[in-house]
>>> print(open('my_file_15.txt').read())   # compact mmCIF, C-alpha atoms
# COMPACT_ATOMS: atom_id res chain seq x y z
CA MET M 14 -63.26 -7.76 -192.16
CA ARG M 15 -60.67 -8.48 -189.54
CA GLN M 16 -57.96 -7.01 -191.76
CA SER M 17 -59.88 -4.11 -193.20
CA TRP M 18 -61.54 -2.61 -190.13
CA TRP M 19 -58.88 0.09 -189.87
CA LYS M 20 -59.39 1.11 -193.48
CA ILE M 21 -63.11 1.56 -192.82
CA LEU M 22 -62.19 3.48 -189.68
CA ALA M 23 -59.86 5.69 -191.72
CA ILE M 24 -62.60 6.50 -194.24
CA ALA M 25 -65.10 7.20 -191.48
CA LEU M 26 -62.70 9.46 -189.59
CA LEU M 27 -61.74 11.37 -192.74
CA LEU M 28 -65.37 11.87 -193.73
CA TYR M 29 -66.02 13.15 -190.22
CA THR M 30 -62.96 15.42 -190.51
CA LEU M 31 -64.10 16.84 -193.83
CA ILE M 32 -67.66 17.48 -192.77
CA ALA M 33 -67.09 18.59 -189.19
CA GLY M 34 -63.84 20.36 -189.98
CA LEU M 35 -65.45 22.49 -192.67
CA LEU M 36 -68.89 23.03 -191.20
CA MET M 37 -68.59 23.08 -187.41
CA ASP M 38 -68.46 26.27 -185.44
CA VAL M 39 -64.94 27.45 -184.77
CA PRO M 40 -63.72 29.98 -182.20
CA ARG M 41 -63.23 33.49 -183.58
CA LEU M 42 -59.65 34.55 -183.05
CA PRO M 43 -58.05 37.72 -184.38
CA ILE M 44 -56.11 37.32 -187.65
CA LEU M 45 -56.86 33.58 -187.84
CA ASN M 46 -60.65 33.83 -188.29
CA GLU M 47 -61.94 31.01 -190.48
CA THR M 48 -58.44 29.89 -191.51
CA ILE M 49 -58.24 28.15 -188.13
CA ARG M 50 -59.87 25.23 -189.95
CA ALA M 51 -56.45 24.62 -191.54
CA LEU M 52 -55.65 22.97 -188.21
CA HIS M 53 -57.48 19.84 -189.37
CA PHE M 54 -55.82 19.70 -192.78
CA HIS M 55 -52.39 21.27 -192.33
CA VAL M 56 -51.22 20.54 -188.79
CA THR M 57 -52.46 16.96 -189.03
CA MET M 58 -50.13 16.41 -192.01
CA TRP M 59 -47.12 16.98 -189.74
CA PHE M 60 -48.47 14.63 -187.10
CA GLY M 61 -49.06 11.97 -189.74
CA MET M 62 -45.61 12.54 -191.22
CA ILE M 63 -43.81 12.21 -187.88
CA LEU M 64 -45.75 9.10 -186.92
CA MET M 65 -44.99 7.44 -190.24
CA LEU M 66 -41.31 8.40 -190.00
CA VAL M 67 -41.21 6.77 -186.58
CA ILE M 68 -42.66 3.58 -188.09
CA SER M 69 -40.07 3.78 -190.87
CA VAL M 70 -37.20 4.17 -188.40
CA VAL M 71 -38.47 1.23 -186.35
CA TYR M 72 -38.46 -0.96 -189.47
CA SER M 73 -35.03 0.34 -190.51
CA VAL M 74 -33.69 -0.81 -187.14
CA LYS M 75 -35.46 -4.15 -187.61
CA TYR M 76 -33.86 -4.49 -191.04
CA LEU M 77 -30.37 -3.83 -189.68
CA ARG M 78 -30.91 -6.49 -187.03
CA SER M 79 -32.35 -9.15 -189.32
CA ASN M 80 -31.22 -8.36 -192.90
CA ASP M 81 -34.72 -9.27 -194.04
CA LEU M 82 -35.77 -7.29 -197.12
CA LYS M 83 -39.42 -7.41 -196.00
CA HIS M 84 -38.63 -4.87 -193.28
CA ASP M 85 -36.88 -2.66 -195.79
CA ASP M 86 -40.00 -2.60 -198.02
CA ILE M 87 -42.01 -1.25 -195.12
CA ALA M 88 -39.33 1.29 -194.16
CA ILE M 89 -39.00 2.78 -197.64
CA GLU M 90 -42.72 2.91 -198.38
CA PHE M 91 -43.57 4.55 -195.07
CA THR M 92 -40.86 7.11 -195.78
CA ASN M 93 -42.38 7.71 -199.22
CA ALA M 94 -45.81 8.26 -197.71
CA ALA M 95 -44.28 10.54 -195.06
CA ILE M 96 -42.59 12.59 -197.79
CA LEU M 97 -45.95 12.91 -199.57
CA PHE M 98 -47.50 14.16 -196.33
CA GLY M 99 -44.56 16.52 -195.78
CA VAL M 100 -44.93 18.06 -199.22
CA LEU M 101 -48.69 18.43 -198.72
CA GLY M 102 -48.01 19.95 -195.30
CA ILE M 103 -45.66 22.53 -196.77
CA VAL M 104 -48.05 23.39 -199.62
CA THR M 105 -51.09 23.73 -197.35
CA GLY M 106 -48.96 25.71 -194.90
CA MET M 107 -47.85 28.10 -197.64
CA LEU M 108 -51.44 28.66 -198.77
CA TRP M 109 -52.50 29.31 -195.21
CA ALA M 110 -49.53 31.62 -194.64
CA LYS M 111 -50.45 33.66 -197.72
CA PHE M 112 -53.78 34.56 -196.14
CA THR M 113 -52.69 35.04 -192.55
CA TRP M 114 -49.10 36.29 -192.72
CA GLY M 115 -49.33 37.83 -196.19
CA ASP M 116 -46.60 35.84 -197.89
CA TYR M 117 -46.18 32.31 -199.16
CA TRP M 118 -42.75 32.14 -197.55
CA SER M 119 -42.08 34.28 -194.50
CA GLY M 120 -38.83 32.73 -193.29
CA ASP M 121 -40.52 31.39 -190.18
CA PRO M 122 -38.19 29.00 -188.29
CA LYS M 123 -40.69 26.16 -188.46
CA GLN M 124 -41.16 26.68 -192.19
CA ASN M 125 -37.42 26.63 -192.76
CA ALA M 126 -36.89 23.60 -190.55
CA THR M 127 -39.52 21.55 -192.31
CA ALA M 128 -38.14 22.52 -195.70
CA ILE M 129 -34.74 21.23 -194.57
CA GLY M 130 -36.40 18.06 -193.31
CA ILE M 131 -37.91 17.50 -196.75
CA LEU M 132 -34.47 18.05 -198.34
CA MET M 133 -33.08 15.41 -195.99
CA TYR M 134 -35.55 12.80 -197.14
CA PHE M 135 -35.14 13.69 -200.82
CA ALA M 136 -31.42 13.10 -200.30
CA TYR M 137 -32.35 9.73 -198.79
CA LEU M 138 -34.24 8.79 -201.95
CA ILE M 139 -31.31 9.84 -204.15
CA LEU M 140 -28.90 7.87 -202.00
CA ARG M 141 -31.04 4.76 -202.36
CA ASN M 142 -31.31 5.14 -206.11
CA SER M 143 -27.55 5.54 -206.46
CA LEU M 144 -27.00 2.02 -205.13
CA THR M 145 -27.74 -0.95 -207.35
CA ASP M 146 -27.45 -4.02 -205.13
CA SER M 147 -30.71 -4.45 -203.24
CA GLN M 148 -29.16 -5.64 -199.96
CA GLN M 149 -26.59 -2.84 -200.05
CA ARG M 150 -29.32 -0.31 -200.89
CA ALA M 151 -31.48 -1.47 -198.02
CA ARG M 152 -28.61 -1.42 -195.52
CA ILE M 153 -27.15 1.96 -196.42
CA GLY M 154 -30.63 3.43 -196.79
CA ALA M 155 -31.59 2.21 -193.33
CA ILE M 156 -28.40 3.65 -191.82
CA TYR M 157 -28.94 7.08 -193.40
CA SER M 158 -32.62 7.06 -192.53
CA ILE M 159 -31.90 6.51 -188.83
CA PHE M 160 -29.07 9.04 -188.88
CA ALA M 161 -31.23 11.65 -190.61
CA PHE M 162 -34.09 11.07 -188.19
CA ALA M 163 -31.74 11.72 -185.27
CA ALA M 164 -30.82 15.06 -186.80
CA PHE M 165 -34.41 15.82 -187.83
CA ILE M 166 -35.81 15.66 -184.30
CA PRO M 167 -33.77 18.54 -182.82
CA LEU M 168 -34.38 20.44 -186.05
CA ILE M 169 -38.16 20.51 -185.71
CA PHE M 170 -38.71 20.20 -181.98
CA VAL M 171 -35.85 22.11 -180.37
CA LEU M 172 -34.62 24.85 -182.70
CA PRO M 173 -37.95 26.55 -183.54
CA ARG M 174 -38.67 26.88 -179.83
CA LEU M 175 -35.51 28.88 -179.25
CA THR M 176 -36.63 31.74 -181.46
CA ASP M 177 -39.91 33.52 -181.92
CA SER M 178 -42.08 31.91 -184.51
CA LEU M 179 -44.97 33.39 -186.41
CA HIS M 180 -46.88 30.17 -185.90
CA PRO M 181 -50.01 30.35 -183.79
CA GLY M 182 -49.13 29.50 -180.21
CA ASN M 183 -45.58 30.83 -180.47
CA GLY M 184 -44.32 34.27 -179.50
CA GLY M 185 -47.64 35.56 -178.27
CA ASN M 186 -49.70 34.63 -181.33
CA PRO M 187 -53.14 33.22 -180.69
CA GLY M 188 -53.98 29.66 -181.60
CA PHE M 189 -52.71 26.16 -181.08
CA ASN M 190 -51.95 26.16 -177.41
CA ALA M 191 -52.97 24.34 -174.28
CA TYR M 192 -55.03 27.20 -172.93
CA ASP M 193 -56.63 28.61 -176.03
CA MET M 194 -57.21 25.55 -178.14
CA ASP M 195 -60.92 25.13 -178.03
CA SER M 196 -62.42 21.80 -176.93
CA LYS M 197 -64.56 21.87 -180.09
CA LEU M 198 -61.41 22.01 -182.21
CA ARG M 199 -59.97 19.09 -180.28
CA MET M 200 -63.05 17.03 -181.07
CA VAL M 201 -62.15 17.20 -184.75
CA PHE M 202 -58.37 17.54 -184.46
CA TYR M 203 -57.51 14.27 -182.73
CA PRO M 204 -59.77 12.10 -184.92
CA ALA M 205 -58.27 13.91 -187.93
CA VAL M 206 -54.72 13.02 -186.83
CA ILE M 207 -55.68 9.36 -186.49
CA GLY M 208 -57.62 9.40 -189.74
CA TRP M 209 -54.84 10.93 -191.82
CA THR M 210 -52.20 8.65 -190.29
CA LEU M 211 -54.29 5.58 -191.04
CA PHE M 212 -54.84 6.85 -194.57
CA GLY M 213 -51.08 7.31 -195.06
CA SER M 214 -50.40 3.83 -193.69
CA TRP M 215 -52.98 2.48 -196.12
CA ILE M 216 -51.14 4.05 -199.07
CA ALA M 217 -47.87 2.66 -197.70
CA THR M 218 -49.16 -0.89 -197.22
CA ILE M 219 -50.58 -1.01 -200.75
CA ARG M 220 -47.20 0.05 -202.13
CA VAL M 221 -45.41 -2.49 -199.93
CA ARG M 222 -47.60 -5.22 -201.43
CA MET M 223 -46.86 -3.93 -204.94
CA ARG M 224 -43.15 -4.09 -204.19
CA ARG M 225 -43.40 -7.67 -202.94
CA VAL M 226 -45.41 -8.76 -205.97
CA GLU M 227 -42.85 -7.15 -208.27
CA ARG M 228 -40.01 -8.91 -206.50
CA THR M 229 -41.73 -12.30 -206.73
CA LEU M 230 -42.41 -11.73 -210.44
CA GLU M 231 -38.78 -10.77 -211.04
CA ASP M 232 -37.61 -13.89 -209.24
CA GLN M 233 -39.90 -16.01 -211.38
CA ILE M 234 -38.52 -14.48 -214.58
CA ILE M 235 -34.96 -15.04 -213.43
CA ASN M 236 -35.62 -18.62 -212.35
CA SER M 237 -37.69 -19.71 -215.34
CA MET D 7 -10.08 0.42 -176.55
CA TRP D 8 -8.44 3.78 -175.79
CA LYS D 9 -5.07 2.37 -176.81
CA GLU D 10 -6.58 1.19 -180.08
CA ILE D 11 -8.07 4.63 -180.71
CA SER D 12 -4.82 6.44 -180.00
CA VAL D 13 -2.92 4.11 -182.34
CA LEU D 14 -5.51 4.72 -185.06
CA ILE D 15 -5.34 8.50 -184.59
CA HIS D 16 -1.58 8.29 -184.81
CA LYS D 17 -1.98 6.32 -188.03
CA GLU D 18 -4.27 8.99 -189.50
CA MET D 19 -1.76 11.70 -188.66
CA THR D 20 1.16 9.80 -190.17
CA LEU D 21 -0.87 9.16 -193.29
CA GLU D 22 -1.85 12.81 -193.57
CA TRP D 23 1.76 13.87 -193.07
CA ARG D 24 2.95 11.55 -195.80
CA GLN D 25 0.41 12.89 -198.27
CA LYS D 26 1.05 16.50 -197.51
CA TYR D 27 -0.54 17.64 -200.74
CA ALA D 28 -4.03 16.78 -199.43
CA LEU D 29 -3.55 18.77 -196.25
CA ASN D 30 -1.90 21.67 -198.03
CA GLY D 31 -4.63 21.57 -200.65
CA ILE D 32 -7.39 21.98 -198.13
CA LEU D 33 -5.52 24.76 -196.31
CA LEU D 34 -5.08 26.60 -199.58
CA TYR D 35 -8.78 26.01 -200.29
CA VAL D 36 -9.68 27.96 -197.13
CA VAL D 37 -7.35 30.84 -197.94
CA SER D 38 -8.56 31.12 -201.54
CA ALA D 39 -12.19 30.91 -200.49
CA VAL D 40 -11.72 33.75 -198.01
CA PHE D 41 -9.93 35.80 -200.63
CA ILE D 42 -12.68 35.24 -203.21
CA THR D 43 -15.24 36.33 -200.63
CA TYR D 44 -13.20 39.42 -199.88
CA LEU D 45 -13.05 40.40 -203.55
CA SER D 46 -16.71 39.53 -204.22
CA VAL D 47 -18.25 41.53 -201.39
CA GLY D 48 -15.93 44.41 -202.19
CA ALA D 49 -15.27 44.85 -198.51
CA LYS D 50 -13.10 47.76 -197.62
CA THR D 51 -12.85 48.07 -193.88
CA GLY D 52 -16.18 48.84 -192.32
CA ASN D 53 -18.15 48.00 -195.44
CA LEU D 54 -19.17 44.56 -194.21
CA SER D 55 -21.87 44.26 -191.57
CA ILE D 56 -21.30 41.92 -188.64
CA PRO D 57 -24.07 39.40 -189.44
CA THR D 58 -22.69 39.09 -192.98
CA TRP D 59 -19.16 38.54 -191.67
CA ASN D 60 -20.52 35.82 -189.43
CA ALA D 61 -22.53 34.11 -192.16
CA LEU D 62 -19.69 34.22 -194.70
CA TYR D 63 -17.23 32.83 -192.16
CA TRP D 64 -19.42 29.86 -191.28
CA ILE D 65 -20.32 29.07 -194.86
CA ILE D 66 -16.63 28.96 -195.79
CA ILE D 67 -15.86 26.71 -192.82
CA LEU D 68 -18.78 24.47 -193.77
CA PHE D 69 -17.59 23.98 -197.34
CA SER D 70 -13.97 23.47 -196.35
CA ALA D 71 -14.97 20.96 -193.70
CA VAL D 72 -17.12 19.01 -196.17
CA ASN D 73 -14.18 18.86 -198.55
CA ALA D 74 -11.67 17.97 -195.86
CA VAL D 75 -13.70 15.21 -194.26
CA ALA D 76 -15.06 13.77 -197.53
CA LYS D 77 -11.79 11.98 -198.17
CA SER D 78 -11.60 10.27 -194.78
CA PHE D 79 -12.85 6.94 -196.12
CA VAL D 80 -11.44 7.00 -199.62
CA GLN D 81 -7.80 7.87 -199.23
CA GLU D 82 -7.02 4.27 -198.35
CA HIS D 83 -7.80 1.56 -200.85
CA GLN D 84 -10.09 -1.39 -200.35
CA GLY D 85 -7.45 -3.94 -199.44
CA ARG D 86 -6.19 -1.88 -196.55
CA GLN D 87 -9.75 -1.25 -195.33
CA LEU D 88 -10.23 -5.01 -195.21
CA TYR D 89 -7.07 -5.25 -193.14
CA TYR D 90 -8.39 -2.69 -190.62
CA TYR D 91 -11.66 -4.57 -190.59
CA MET D 92 -9.84 -7.62 -189.33
CA ILE D 93 -7.61 -6.02 -186.73
CA ALA D 94 -9.66 -3.14 -185.29
CA SER D 95 -13.14 -2.81 -183.84
CA PRO D 96 -15.52 -0.55 -185.82
CA GLU D 97 -16.21 1.55 -182.71
CA ALA D 98 -12.53 2.38 -182.38
CA ILE D 99 -12.33 3.27 -186.06
CA ILE D 100 -15.28 5.66 -186.05
CA LEU D 101 -14.18 7.32 -182.80
CA SER D 102 -10.62 7.76 -184.01
CA LYS D 103 -11.82 9.24 -187.29
CA MET D 104 -14.23 11.57 -185.49
CA ILE D 105 -11.53 12.79 -183.12
CA TYR D 106 -9.00 13.21 -185.90
CA ASN D 107 -11.50 15.08 -188.10
CA THR D 108 -12.42 17.33 -185.18
CA GLY D 109 -8.79 18.36 -185.00
CA LEU D 110 -8.59 18.86 -188.75
CA THR D 111 -11.79 20.95 -188.86
CA LEU D 112 -10.56 22.98 -185.91
CA ILE D 113 -7.29 23.74 -187.71
CA LEU D 114 -9.26 24.81 -190.78
CA ALA D 115 -11.56 26.98 -188.67
CA LEU D 116 -8.64 28.65 -186.88
CA LEU D 117 -6.81 29.25 -190.15
CA GLY D 118 -10.00 30.68 -191.65
CA TYR D 119 -10.42 32.90 -188.60
CA GLY D 120 -6.85 34.15 -188.92
CA VAL D 121 -7.18 34.96 -192.61
CA PHE D 122 -10.58 36.55 -192.05
CA SER D 123 -9.17 38.75 -189.29
CA VAL D 124 -6.31 39.92 -191.48
CA ILE D 125 -8.26 40.59 -194.66
CA LEU D 126 -11.82 41.36 -193.59
CA GLY D 127 -11.15 42.73 -190.13
CA ASN D 128 -11.83 41.12 -186.77
CA PRO D 129 -15.08 42.33 -185.19
CA VAL D 130 -15.14 39.61 -182.49
CA GLU D 131 -15.70 41.12 -179.05
CA ASP D 132 -15.60 37.98 -176.94
CA GLN D 133 -12.66 35.84 -178.08
CA GLY D 134 -13.16 33.13 -175.44
CA LEU D 135 -16.76 32.42 -176.39
CA PHE D 136 -15.93 32.55 -180.10
CA LEU D 137 -13.13 29.99 -179.73
CA LEU D 138 -15.18 27.71 -177.49
CA ASN D 139 -17.93 27.86 -180.10
CA LEU D 140 -15.39 26.96 -182.79
CA VAL D 141 -14.36 23.87 -180.83
CA LEU D 142 -17.99 22.78 -180.36
CA GLY D 143 -18.80 23.53 -183.98
CA ALA D 144 -15.78 21.52 -185.17
CA MET D 145 -16.90 18.59 -183.01
CA GLY D 146 -20.40 18.66 -184.46
CA PHE D 147 -19.20 19.07 -188.04
CA SER D 148 -16.75 16.23 -187.77
CA ALA D 149 -19.20 13.89 -186.02
CA SER D 150 -21.85 14.27 -188.69
CA LEU D 151 -19.52 14.57 -191.69
CA THR D 152 -17.44 11.52 -190.75
CA MET D 153 -20.55 9.37 -190.65
CA VAL D 154 -21.93 10.84 -193.88
CA SER D 155 -18.60 10.38 -195.67
CA GLY D 156 -18.68 6.74 -194.61
CA ILE D 157 -22.14 6.41 -196.15
CA ALA D 158 -21.15 8.30 -199.30
CA SER D 159 -18.02 6.17 -199.74
CA LYS D 160 -20.23 3.07 -199.95
CA ALA D 161 -22.25 4.71 -202.71
CA GLY D 162 -19.40 5.39 -205.10
CA ASN D 163 -18.41 8.52 -203.22
CA ASN D 164 -19.35 11.26 -205.63
CA ALA D 165 -19.08 14.81 -204.38
CA THR D 166 -22.72 15.65 -205.07
CA LEU D 167 -23.92 12.82 -202.87
CA MET D 168 -21.62 13.90 -200.04
CA ALA D 169 -23.00 17.44 -200.25
CA ILE D 170 -26.70 16.61 -200.44
CA LEU D 171 -26.46 14.00 -197.69
CA SER D 172 -24.49 16.16 -195.30
CA PHE D 173 -26.06 19.62 -195.69
CA PRO D 174 -29.48 18.90 -194.23
CA VAL D 175 -27.98 16.85 -191.39
CA ILE D 176 -25.48 19.55 -190.51
CA ILE D 177 -27.90 22.50 -190.60
CA PRO D 178 -29.05 22.25 -186.95
CA ILE D 179 -25.41 22.36 -185.83
CA LEU D 180 -24.59 25.18 -188.23
CA MET D 181 -27.56 27.28 -187.14
CA MET D 182 -26.73 26.93 -183.44
CA ALA D 183 -23.07 27.72 -184.10
CA ILE D 184 -23.96 30.82 -186.12
CA ARG D 185 -26.24 32.06 -183.35
CA ILE D 186 -23.64 31.61 -180.61
CA SER D 187 -21.00 33.14 -182.83
CA LYS D 188 -23.26 36.17 -183.35
CA ASN D 189 -23.47 36.57 -179.56
CA ALA D 190 -19.67 36.37 -179.35
CA LEU D 191 -19.32 38.96 -182.10
CA ASP D 192 -21.65 41.32 -180.26
CA GLY D 193 -19.85 40.66 -176.97
CA LEU D 194 -23.03 39.68 -175.15
CA ASP D 195 -22.86 38.30 -171.64
CA TRP D 196 -22.13 34.54 -171.36
CA SER D 197 -25.43 33.94 -169.56
CA VAL D 198 -27.23 34.71 -172.84
CA SER D 199 -25.35 31.97 -174.67
CA VAL D 200 -25.18 29.24 -172.03
CA ASP D 201 -28.42 27.51 -173.00
CA LYS D 202 -27.46 27.71 -176.68
CA LEU D 203 -24.06 26.18 -175.94
CA LEU D 204 -25.75 23.36 -174.07
CA THR D 205 -28.17 22.80 -176.96
CA LEU D 206 -25.27 22.66 -179.41
CA LEU D 207 -23.48 20.19 -177.16
CA ALA D 208 -26.64 18.08 -176.93
CA ILE D 209 -27.09 18.03 -180.72
CA ASN D 210 -23.42 17.05 -181.11
CA ALA D 211 -23.92 14.25 -178.62
CA ILE D 212 -27.03 12.96 -180.42
CA VAL D 213 -25.28 12.94 -183.79
CA ALA D 214 -22.08 11.38 -182.43
CA VAL D 215 -23.91 8.65 -180.51
CA THR D 216 -26.12 7.78 -183.49
CA GLY D 217 -23.02 7.56 -185.67
CA TYR D 218 -21.26 5.42 -183.09
CA ILE D 219 -24.19 2.98 -182.90
CA LEU D 220 -24.78 2.80 -186.67
CA PHE D 221 -21.20 2.65 -187.91
CA PRO D 222 -20.62 -1.07 -187.16
CA TYR D 223 -23.51 -1.91 -189.56
CA LEU D 224 -22.00 0.30 -192.25
CA TRP D 225 -18.54 -1.13 -191.73
CA LYS D 226 -19.75 -4.71 -192.07
CA SER D 227 -21.06 -4.24 -195.60
>>> encode(input="my_file_15.txt", output="structure tokens")
Amino acid sequence: MRQSWWKILAIALLLYTLIAGLLMDVPRLPILNETIRALHFHVTMWFGMILMLVISVVYSVKYLRSNDLKHDDIAIEFTNAAILFGVLGIVTGMLWAKFTWGDYWSGDPKQNATAIGILMYFAYLILRNSLTDSQQRARIGAIYSIFAFAAFIPLIFVLPRLTDSLHPGNGGNPGFNAYDMDSKLRMVFYPAVIGWTLFGSWIATIRVRMRRVERTLEDQIINS
Amino acid sequence: MWKEISVLIHKEMTLEWRQKYALNGILLYVVSAVFITYLSVGAKTGNLSIPTWNALYWIIILFSAVNAVAKSFVQEHQGRQLYYYMIASPEAIILSKMIYNTGLTLILALLGYGVFSVILGNPVEDQGLFLLNLVLGAMGFSASLTMVSGIASKAGNNATLMAILSFPVIIPILMMAIRISKNALDGLDWSVSVDKLLTLLAINAIVAVTGYILFPYLWKS
């Protein structure tokens, strides 16, 4: 119970998100209409992704300081989960964009920036797979992961703000903004962010445990 | 520290001068790339719009810079790297390589600019801003590419890896540089570009500092 309370919390929050996010009253805004519910399923993906990338960077730094492969397991699996969230975020975003902006891909700066971010982390996976020694792989992977994160932050937080974006809340579009985000939306949005992040961490921790079991098994085979 | 860096930069230059074929090769690369572009777009004077000129110029500089900087960790063999490892601090090595590569990228960019002006015409209205932007762009390119080439050299240094690792990292710098360069081409007032210049400088600083902090870990392995 002590170890699984956050998994129960994740399930509860996600159930709440699904039910309240789909059924509760939402504010009527021009163009957005009912698609504003995507806030709970699309925008939350990005929040979850960034939070998990932060965790991954923290563990990459820990790995570089300690050379302990346990930290590397956590770093790579949280990155994997973050990539999953990123891909889901892009797909849900494209679906949403089809119905509000009229096209799956509209060349919006935020869309482009996130696509580049995904490319960055795919490159990270390829880099890791190109190295065979596990210590070397962990070290170089951690270095690139931190380096890429440093370039990723200006990409998604600074650059899109310099140009007009089609996204709600930018360039005079209605939506996700301090003054017109409805308090009812907030009531679902923040729990949804926590719920999705916990869910992603859950996936990551299961995969970390699988990795550790595999490593122990391999060691046993080698030693026997 | 500064003495160490200047000695290392001097070493890089001597090395480059001794292997002139590498330098000449990359210079010829720029010229041929510009000429291929010229023939492909079929640009007689006035046929090429300004945004296209801008985009083509930066793409050529990007590819030449990737090729030029990619060799910075492989042209010396392992034994000599071990020797540097013993006598020089990793911070001095990364800084000297970054500074040297900035110079190299800047030379490439200026050469590309010259050839572009001759063949495709020179629509730049504000030379000062354009050149300042080139310097900042070269700094950003070299800071990120030097670090990435260090990473790629540890992973067997194939060209594909260098490209896929560096492109996403370099895109923020490239996009800012293209925007400022567009302002310079249109001859807009400097006040329009000041915040963009500062952003570019800030991104450069972030990338360079991250590289500076991380390089010792890379160098150790």
>>> closest_residue(input="my_file_15.txt", among="D:Ile11, D:Leu112, D:Val198, D:Leu151", to="Ile176 of chain D", atoms="only C-alpha atoms")
D:Leu151
>>> interface_residues(input="my_file_15.txt", of="chain D", to="chain M", cutoff="9 Å", atoms="all atoms listed in the file", output="VMD selection string")
chain D and resid 150 153 to 154 157 to 158 160 to 162 167 170 to 178 181 to 182 202 205 209 212 to 213 216 to 217 220 to 221 223 to 224 227
>>> atom_distance(input="my_file_15.txt", atom1="atom CA of Asn107 of chain D", atom2="atom CA of Val75 of chain D")
6.5 Å
>>> residues_around(input="my_file_15.txt", residues="segment 60-73 of chain D", least_positions_apart="5", cutoff="9 Å", atoms="all atoms listed in the file", output="JSON, numbers by chain")
{"D": [32, 33, 35, 36, 39, 40, 43, 55, 107, 110, 111, 114, 115, 118, 119, 122, 144, 147, 148, 151, 155, 165, 168, 169, 172, 173, 176, 180, 183, 184, 187, 188, 191]}
>>> atom_distance(input="my_file_15.txt", atom1="atom CA of Ile186 of chain D", atom2="atom CA of Lys103 of chain D")
26.2 Å
>>> residues_around(input="my_file_15.txt", residues="Tyr76 of chain M", least_positions_apart="4", cutoff="10 Å", atoms="all atoms listed in the file", output="list of chain:residue names")
M:Val70, M:Val71, M:Tyr72, M:Asn80, M:Asp81, M:Leu82, M:Lys83, M:His84, M:Asp85, M:Asp86, M:Ile87, M:Ala88, M:Ala151, M:Arg152, M:Ala155, M:Ile156
>>> atom_distance(input="my_file_15.txt", atom1="atom CA of Gln87 of chain D", atom2="atom CA of Gly31 of chain D")
24.0 Å
>>> closest_residue(input="my_file_15.txt", among="D:Gly109, D:Pro96, D:Gly48, D:Pro129", to="Glu18 of chain D", atoms="all atoms listed in the file")
D:Gly109
>>> residues_around(input="my_file_15.txt", residues="Thr57 of chain M", least_positions_apart="5", cutoff="7 Å", atoms="all atoms listed in the file", output="list of chain:residue names")
M:Leu52, M:Ala205, M:Val206
>>> axis_aligned_box(input="my_file_15.txt", around="segment 116-130 of chain D", padding_each_side="8 Å", output="JSON")
{"center_x": -10.7, "center_y": 35.7, "center_z": -188.6, "size_x": 24.8, "size_y": 30.1, "size_z": 28.2}
>>> closest_residue(input="my_file_15.txt", among="D:Leu14, D:Ile99, D:Thr108, D:Val121", to="Tyr44 of chain D", atoms="only C-alpha atoms")
D:Val121
>>> closest_residue(input="my_file_15.txt", among="D:Ser197, D:Ala94, D:Tyr218, D:Arg24", to="Gln81 of chain D", atoms="all atoms listed in the file")
D:Arg24
>>> residues_around(input="my_file_15.txt", residues="segment 106-111 of chain M", least_positions_apart="5", cutoff="8 Å", atoms="all atoms listed in the file", output="PyMOL selection string")
chain M and resi 48+51+55+116-119
>>> closest_residue(input="my_file_15.txt", among="D:Met7, D:Gly146, D:Met92, D:Ser78", to="Val215 of chain D", atoms="all atoms listed in the file")
D:Gly146
>>> closest_residue(input="my_file_15.txt", among="M:Leu28, M:Leu101, M:Ala33, M:Ile21", to="Met200 of chain M", atoms="all atoms listed in the file")
M:Ala33
>>> residues_around(input="my_file_15.txt", residues="segment 59-65 of chain M", least_positions_apart="6", cutoff="9 Å", atoms="only C-alpha atoms", output="PyMOL selection string")
chain M and resi 91-92+94-99+102+206-211+213-214
>>> decode(input="my_file_15.txt", residues="segment 99-106 of chain D", atoms="N, CA and C atoms", output="PDB file, in the first residue's frame")
ATOM      1  N   ILE D  99      40.661  22.393 -23.935  1.00  0.00           N
ATOM      2  CA  ILE D  99      40.536  21.750 -25.237  1.00  0.00           C
ATOM      3  C   ILE D  99      39.223  22.122 -25.904  1.00  0.00           C
ATOM      4  N   ILE D 100      38.110  22.025 -25.157  1.00  0.00           N
ATOM      5  CA  ILE D 100      36.826  22.320 -25.794  1.00  0.00           C
ATOM      6  C   ILE D 100      36.756  23.788 -26.189  1.00  0.00           C
ATOM      7  N   LEU D 101      37.258  24.692 -25.319  1.00  0.00           N
ATOM      8  CA  LEU D 101      37.193  26.114 -25.665  1.00  0.00           C
ATOM      9  C   LEU D 101      38.036  26.411 -26.890  1.00  0.00           C
ATOM     10  N   SER D 102      39.250  25.819 -26.937  1.00  0.00           N
ATOM     11  CA  SER D 102      40.104  26.106 -28.087  1.00  0.00           C
ATOM     12  C   SER D 102      39.469  25.584 -29.363  1.00  0.00           C
ATOM     13  N   LYS D 103      38.844  24.391 -29.291  1.00  0.00           N
ATOM     14  CA  LYS D 103      38.212  23.860 -30.493  1.00  0.00           C
ATOM     15  C   LYS D 103      37.022  24.710 -30.905  1.00  0.00           C
ATOM     16  N   MET D 104      36.240  25.165 -29.904  1.00  0.00           N
ATOM     17  CA  MET D 104      35.087  26.012 -30.234  1.00  0.00           C
ATOM     18  C   MET D 104      35.538  27.299 -30.903  1.00  0.00           C
ATOM     19  N   ILE D 105      36.589  27.928 -30.345  1.00  0.00           N
ATOM     20  CA  ILE D 105      37.046  29.195 -30.914  1.00  0.00           C
ATOM     21  C   ILE D 105      37.601  28.969 -32.319  1.00  0.00           C
ATOM     22  N   TYR D 106      38.399  27.916 -32.457  1.00  0.00           N
ATOM     23  CA  TYR D 106      38.970  27.640 -33.770  1.00  0.00           C
ATOM     24  C   TYR D 106      37.882  27.356 -34.800  1.00  0.00           C
TER      25      TYR D 106
END
